[in-house]
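Below is the file start-v2.cif, which contains mmCIF, N, CA, C and O atoms.
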```
data_protein
#
loop_
_atom_site.label_atom_id
_atom_site.label_comp_id
_atom_site.auth_asym_id
_atom_site.auth_seq_id
_atom_site.Cartn_x
_atom_site.Cartn_y
_atom_site.Cartn_z
N MET A 51 10.27 -22.02 -35.33
CA MET A 51 10.04 -22.42 -33.95
C MET A 51 9.07 -21.44 -33.31
O MET A 51 9.24 -20.23 -33.36
N GLN A 52 8.06 -21.97 -32.69
CA GLN A 52 7.02 -21.14 -32.07
C GLN A 52 7.01 -21.41 -30.56
O GLN A 52 6.99 -22.55 -30.13
N MET A 53 6.99 -20.32 -29.80
CA MET A 53 6.95 -20.45 -28.35
C MET A 53 5.53 -20.20 -27.86
O MET A 53 4.93 -19.20 -28.21
N GLN A 54 5.00 -21.13 -27.10
CA GLN A 54 3.66 -20.97 -26.56
C GLN A 54 3.75 -20.76 -25.05
O GLN A 54 4.43 -21.50 -24.36
N VAL A 55 3.04 -19.75 -24.60
CA VAL A 55 3.00 -19.44 -23.17
C VAL A 55 1.54 -19.41 -22.75
O VAL A 55 0.73 -18.73 -23.37
N ARG A 56 1.21 -20.14 -21.72
CA ARG A 56 -0.16 -20.15 -21.21
C ARG A 56 -0.22 -19.22 -20.00
O ARG A 56 0.46 -19.42 -19.01
N ILE A 57 -1.04 -18.19 -20.11
CA ILE A 57 -1.18 -17.20 -19.04
C ILE A 57 -2.55 -17.39 -18.41
O ILE A 57 -3.57 -17.36 -19.08
N ARG A 58 -2.56 -17.60 -17.10
CA ARG A 58 -3.79 -17.96 -16.41
C ARG A 58 -4.52 -16.79 -15.76
O ARG A 58 -5.67 -16.93 -15.38
N SER A 59 -3.86 -15.66 -15.56
CA SER A 59 -4.53 -14.53 -14.92
C SER A 59 -3.94 -13.22 -15.44
O SER A 59 -2.90 -13.19 -16.09
N VAL A 60 -4.64 -12.14 -15.12
CA VAL A 60 -4.17 -10.81 -15.52
C VAL A 60 -2.84 -10.50 -14.82
O VAL A 60 -1.91 -9.97 -15.44
N GLY A 61 -2.74 -10.86 -13.55
CA GLY A 61 -1.49 -10.63 -12.81
C GLY A 61 -0.32 -11.37 -13.44
O GLY A 61 0.77 -10.83 -13.57
N ALA A 62 -0.57 -12.62 -13.83
CA ALA A 62 0.49 -13.40 -14.48
C ALA A 62 0.88 -12.77 -15.81
O ALA A 62 2.06 -12.74 -16.17
N ALA A 63 -0.11 -12.26 -16.53
CA ALA A 63 0.17 -11.61 -17.81
C ALA A 63 1.02 -10.36 -17.60
O ALA A 63 1.98 -10.11 -18.35
N LEU A 64 0.70 -9.59 -16.56
CA LEU A 64 1.48 -8.39 -16.28
C LEU A 64 2.90 -8.73 -15.86
O LEU A 64 3.86 -8.07 -16.28
N ARG A 65 3.04 -9.76 -15.02
CA ARG A 65 4.39 -10.17 -14.61
C ARG A 65 5.20 -10.67 -15.80
O ARG A 65 6.40 -10.40 -15.92
N PHE A 66 4.55 -11.40 -16.71
CA PHE A 66 5.23 -11.89 -17.91
C PHE A 66 5.68 -10.73 -18.78
O PHE A 66 6.82 -10.68 -19.23
N ALA A 67 4.78 -9.76 -19.01
CA ALA A 67 5.12 -8.59 -19.81
C ALA A 67 6.26 -7.81 -19.16
O ALA A 67 7.18 -7.34 -19.83
N GLU A 68 6.21 -7.69 -17.85
CA GLU A 68 7.26 -6.99 -17.11
C GLU A 68 8.60 -7.69 -17.29
O GLU A 68 9.63 -7.06 -17.54
N SER A 69 8.60 -9.02 -17.22
CA SER A 69 9.85 -9.76 -17.36
C SER A 69 10.43 -9.65 -18.75
O SER A 69 11.64 -9.66 -18.94
N VAL A 70 9.56 -9.53 -19.75
CA VAL A 70 10.02 -9.42 -21.13
C VAL A 70 10.51 -8.00 -21.42
O VAL A 70 11.53 -7.80 -22.07
N LEU A 71 9.78 -7.01 -20.93
CA LEU A 71 10.05 -5.62 -21.31
C LEU A 71 11.08 -4.92 -20.45
O LEU A 71 11.78 -4.02 -20.92
N LEU A 72 11.16 -5.26 -19.20
CA LEU A 72 12.04 -4.53 -18.28
C LEU A 72 13.24 -5.37 -17.89
O LEU A 72 13.14 -6.57 -17.69
N ALA A 73 14.34 -4.70 -17.73
CA ALA A 73 15.53 -5.38 -17.22
C ALA A 73 15.30 -5.72 -15.75
O ALA A 73 14.60 -4.99 -15.05
N PRO A 74 15.88 -6.81 -15.26
CA PRO A 74 15.66 -7.18 -13.85
C PRO A 74 16.03 -6.08 -12.87
O PRO A 74 15.38 -5.93 -11.84
N GLY A 75 17.04 -5.29 -13.15
CA GLY A 75 17.43 -4.21 -12.25
C GLY A 75 16.35 -3.15 -12.12
O GLY A 75 16.09 -2.65 -11.03
N GLN A 76 15.70 -2.82 -13.22
CA GLN A 76 14.63 -1.83 -13.18
C GLN A 76 13.44 -2.37 -12.40
O GLN A 76 12.81 -1.65 -11.63
N ARG A 77 13.12 -3.62 -12.60
CA ARG A 77 12.01 -4.25 -11.89
C ARG A 77 12.28 -4.21 -10.39
O ARG A 77 11.40 -3.89 -9.59
N HIS A 78 13.50 -4.55 -10.00
CA HIS A 78 13.88 -4.58 -8.60
C HIS A 78 13.81 -3.17 -8.00
O HIS A 78 13.29 -2.99 -6.89
N ALA A 79 14.30 -2.19 -8.73
CA ALA A 79 14.27 -0.81 -8.24
C ALA A 79 12.83 -0.32 -8.07
O ALA A 79 12.51 0.37 -7.09
N ARG A 80 11.95 -0.68 -9.00
CA ARG A 80 10.55 -0.26 -8.89
C ARG A 80 9.87 -0.90 -7.69
O ARG A 80 9.11 -0.26 -6.96
N ARG A 81 10.16 -2.16 -7.45
CA ARG A 81 9.58 -2.84 -6.28
C ARG A 81 10.11 -2.24 -4.98
O ARG A 81 9.36 -2.09 -4.01
N ASN A 82 11.40 -1.90 -4.96
CA ASN A 82 11.96 -1.24 -3.77
C ASN A 82 11.29 0.12 -3.54
O ASN A 82 11.01 0.49 -2.40
N ALA A 83 11.07 0.84 -4.62
CA ALA A 83 10.43 2.16 -4.49
C ALA A 83 9.02 2.01 -3.94
O ALA A 83 8.59 2.78 -3.08
N TRP A 84 8.28 1.02 -4.44
CA TRP A 84 6.91 0.82 -3.95
C TRP A 84 6.91 0.42 -2.48
O TRP A 84 6.08 0.87 -1.69
N ALA A 85 7.86 -0.43 -2.08
CA ALA A 85 7.96 -0.82 -0.67
C ALA A 85 8.25 0.41 0.20
O ALA A 85 7.68 0.54 1.29
N ALA A 86 9.08 1.32 -0.30
CA ALA A 86 9.38 2.54 0.45
C ALA A 86 8.14 3.42 0.57
O ALA A 86 7.90 4.02 1.63
N VAL A 87 7.35 3.50 -0.48
CA VAL A 87 6.11 4.30 -0.44
C VAL A 87 5.16 3.72 0.61
O VAL A 87 4.60 4.46 1.42
N CYS A 88 4.99 2.41 0.60
CA CYS A 88 4.08 1.77 1.57
C CYS A 88 4.57 1.98 3.00
O CYS A 88 3.78 2.27 3.90
N GLU A 89 5.88 1.86 3.22
CA GLU A 89 6.44 2.07 4.55
C GLU A 89 6.25 3.51 5.00
O GLU A 89 5.92 3.77 6.16
N ASN A 90 6.43 4.45 4.09
CA ASN A 90 6.27 5.86 4.41
C ASN A 90 4.81 6.17 4.78
O ASN A 90 4.54 6.93 5.72
N ARG A 91 3.87 5.59 4.07
CA ARG A 91 2.45 5.79 4.39
C ARG A 91 2.13 5.25 5.78
O ARG A 91 1.40 5.87 6.55
N GLU A 92 2.67 4.08 6.10
CA GLU A 92 2.43 3.49 7.42
C GLU A 92 3.04 4.37 8.52
O GLU A 92 2.42 4.60 9.56
N TYR A 93 4.24 4.87 8.29
CA TYR A 93 4.90 5.75 9.25
C TYR A 93 4.08 7.03 9.47
O TYR A 93 3.89 7.46 10.61
N ALA A 94 3.57 7.61 8.38
CA ALA A 94 2.77 8.83 8.50
C ALA A 94 1.48 8.55 9.26
O ALA A 94 1.06 9.37 10.09
N ALA A 95 0.85 7.42 9.00
CA ALA A 95 -0.37 7.07 9.72
C ALA A 95 -0.09 6.89 11.21
O ALA A 95 -0.87 7.34 12.06
N ASP A 96 1.03 6.26 11.54
CA ASP A 96 1.41 6.09 12.95
C ASP A 96 1.65 7.43 13.62
O ASP A 96 1.25 7.65 14.76
N ARG A 97 2.31 8.34 12.91
CA ARG A 97 2.56 9.68 13.47
C ARG A 97 1.26 10.42 13.71
O ARG A 97 1.09 11.07 14.75
N ARG A 98 0.32 10.34 12.77
CA ARG A 98 -0.98 11.00 12.96
C ARG A 98 -1.70 10.41 14.16
O ARG A 98 -2.27 11.13 14.97
N HIS A 99 -1.68 9.09 14.27
CA HIS A 99 -2.35 8.42 15.38
C HIS A 99 -1.73 8.83 16.71
O HIS A 99 -2.44 9.13 17.67
N ASP A 100 -0.39 8.84 16.78
CA ASP A 100 0.29 9.22 18.02
C ASP A 100 0.02 10.68 18.37
O ASP A 100 -0.19 11.02 19.53
N ALA A 101 0.05 11.57 17.38
CA ALA A 101 -0.19 12.99 17.63
C ALA A 101 -1.62 13.21 18.12
O ALA A 101 -1.85 14.00 19.04
N LEU A 102 -2.56 12.52 17.56
CA LEU A 102 -3.95 12.65 17.96
C LEU A 102 -4.13 12.15 19.40
O LEU A 102 -4.78 12.81 20.20
N GLY A 103 -3.52 11.03 19.71
CA GLY A 103 -3.63 10.48 21.07
C GLY A 103 -2.98 11.36 22.11
O GLY A 103 -3.54 11.59 23.18
N SER A 104 -1.82 11.91 21.80
CA SER A 104 -1.13 12.75 22.78
C SER A 104 -1.84 14.08 22.98
O SER A 104 -1.88 14.62 24.09
N SER A 105 -2.45 14.62 21.92
CA SER A 105 -3.17 15.88 22.09
C SER A 105 -4.45 15.67 22.90
O SER A 105 -4.83 16.52 23.69
N ARG A 106 -5.08 14.53 22.76
CA ARG A 106 -6.28 14.24 23.56
C ARG A 106 -5.92 14.01 25.02
O ARG A 106 -6.62 14.45 25.92
N ALA A 107 -4.82 13.32 25.25
CA ALA A 107 -4.41 13.03 26.62
C ALA A 107 -4.04 14.31 27.36
O ALA A 107 -4.37 14.47 28.53
N SER A 108 -3.35 15.21 26.67
CA SER A 108 -2.94 16.44 27.33
C SER A 108 -4.12 17.38 27.56
O SER A 108 -4.12 18.17 28.50
N ALA A 109 -5.14 17.30 26.72
CA ALA A 109 -6.30 18.17 26.86
C ALA A 109 -7.36 17.57 27.78
O ALA A 109 -8.32 18.25 28.14
N GLY A 110 -7.22 16.29 28.08
CA GLY A 110 -8.21 15.63 28.93
C GLY A 110 -9.53 15.44 28.22
O GLY A 110 -10.58 15.39 28.84
N ALA A 111 -9.49 15.32 26.92
CA ALA A 111 -10.71 15.19 26.12
C ALA A 111 -11.26 13.78 26.24
O ALA A 111 -10.56 12.83 26.58
N ALA A 112 -12.54 13.68 25.92
CA ALA A 112 -13.20 12.38 25.91
C ALA A 112 -12.72 11.58 24.71
O ALA A 112 -12.21 12.14 23.75
N PRO A 113 -12.88 10.26 24.74
CA PRO A 113 -12.49 9.44 23.60
C PRO A 113 -13.21 9.89 22.33
O PRO A 113 -14.37 10.31 22.37
N ALA A 114 -12.53 9.75 21.22
CA ALA A 114 -13.09 10.19 19.93
C ALA A 114 -14.13 9.20 19.45
O ALA A 114 -14.08 8.02 19.74
N LEU A 115 -15.07 9.73 18.68
CA LEU A 115 -16.07 8.90 18.04
C LEU A 115 -15.55 8.48 16.68
O LEU A 115 -14.68 9.12 16.10
N ALA A 116 -16.12 7.45 16.14
CA ALA A 116 -15.79 7.03 14.79
C ALA A 116 -16.22 8.10 13.82
O ALA A 116 -17.17 8.85 14.10
N PRO A 117 -15.55 8.22 12.67
CA PRO A 117 -15.93 9.23 11.69
C PRO A 117 -17.41 9.07 11.30
O PRO A 117 -17.86 7.98 11.01
N GLY A 118 -18.13 10.15 11.34
CA GLY A 118 -19.55 10.11 10.97
C GLY A 118 -20.50 9.77 12.12
O GLY A 118 -21.69 9.87 11.99
N ALA A 119 -19.95 9.35 13.26
CA ALA A 119 -20.80 9.00 14.41
C ALA A 119 -21.24 10.28 15.12
O ALA A 119 -20.56 11.28 15.10
N ARG A 120 -22.37 10.18 15.79
CA ARG A 120 -22.88 11.35 16.52
C ARG A 120 -22.90 11.06 18.01
O ARG A 120 -23.20 9.97 18.45
N SER A 121 -22.61 12.09 18.76
CA SER A 121 -22.63 11.98 20.21
C SER A 121 -24.06 12.10 20.70
O SER A 121 -24.82 12.93 20.20
N VAL A 122 -24.44 11.29 21.66
CA VAL A 122 -25.78 11.36 22.23
C VAL A 122 -25.68 11.75 23.68
O VAL A 122 -25.07 11.07 24.50
N ARG A 123 -26.25 12.92 24.04
CA ARG A 123 -26.22 13.38 25.42
C ARG A 123 -27.55 13.05 26.08
O ARG A 123 -28.61 13.23 25.50
N GLN A 124 -27.47 12.64 27.32
CA GLN A 124 -28.71 12.29 28.04
C GLN A 124 -28.94 13.22 29.19
O GLN A 124 -28.10 13.74 29.79
#
```
Can the structure from this file be put into structure tokens for me?
Amino acid sequence: MQMQVRIRSVGAALRFAESVLLAPGQRHARRNAWAAVCENREYAADRRHDALGSSRASAGAAPALAPGARSVRQ
């Protein structure tokens, strides 16, 4: 008996290999860990943004320029 599987993309191939090689519990734990990493990155970015905004407000500084932009004085 021969089993044929048609894989249409690299992502599908990876998911198929994952389902064959890893137990469902390990797959679930890895996905939870990745979700936690993404959430932590977002939290850190929000903290940096808030800290930058509060330090500018307390110092009375002018709005920041985009990275690499130059200020033009007239």
Next item on the list: Go ahead and compute the interatomic distance for atom C of Phe66 (chain A) and atom C of Gln54 (chain A), in Å to one decimal.
Entry: 12.0 Å
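For the pair atom N of Ser108 (chain A) and atom N of Arg91 (chain A), the interatomic distance is 25.6 Å.
Counting from CA of Val87 (chain A), the distance to CA of Leu72 (chain A) is 20.8 Å.
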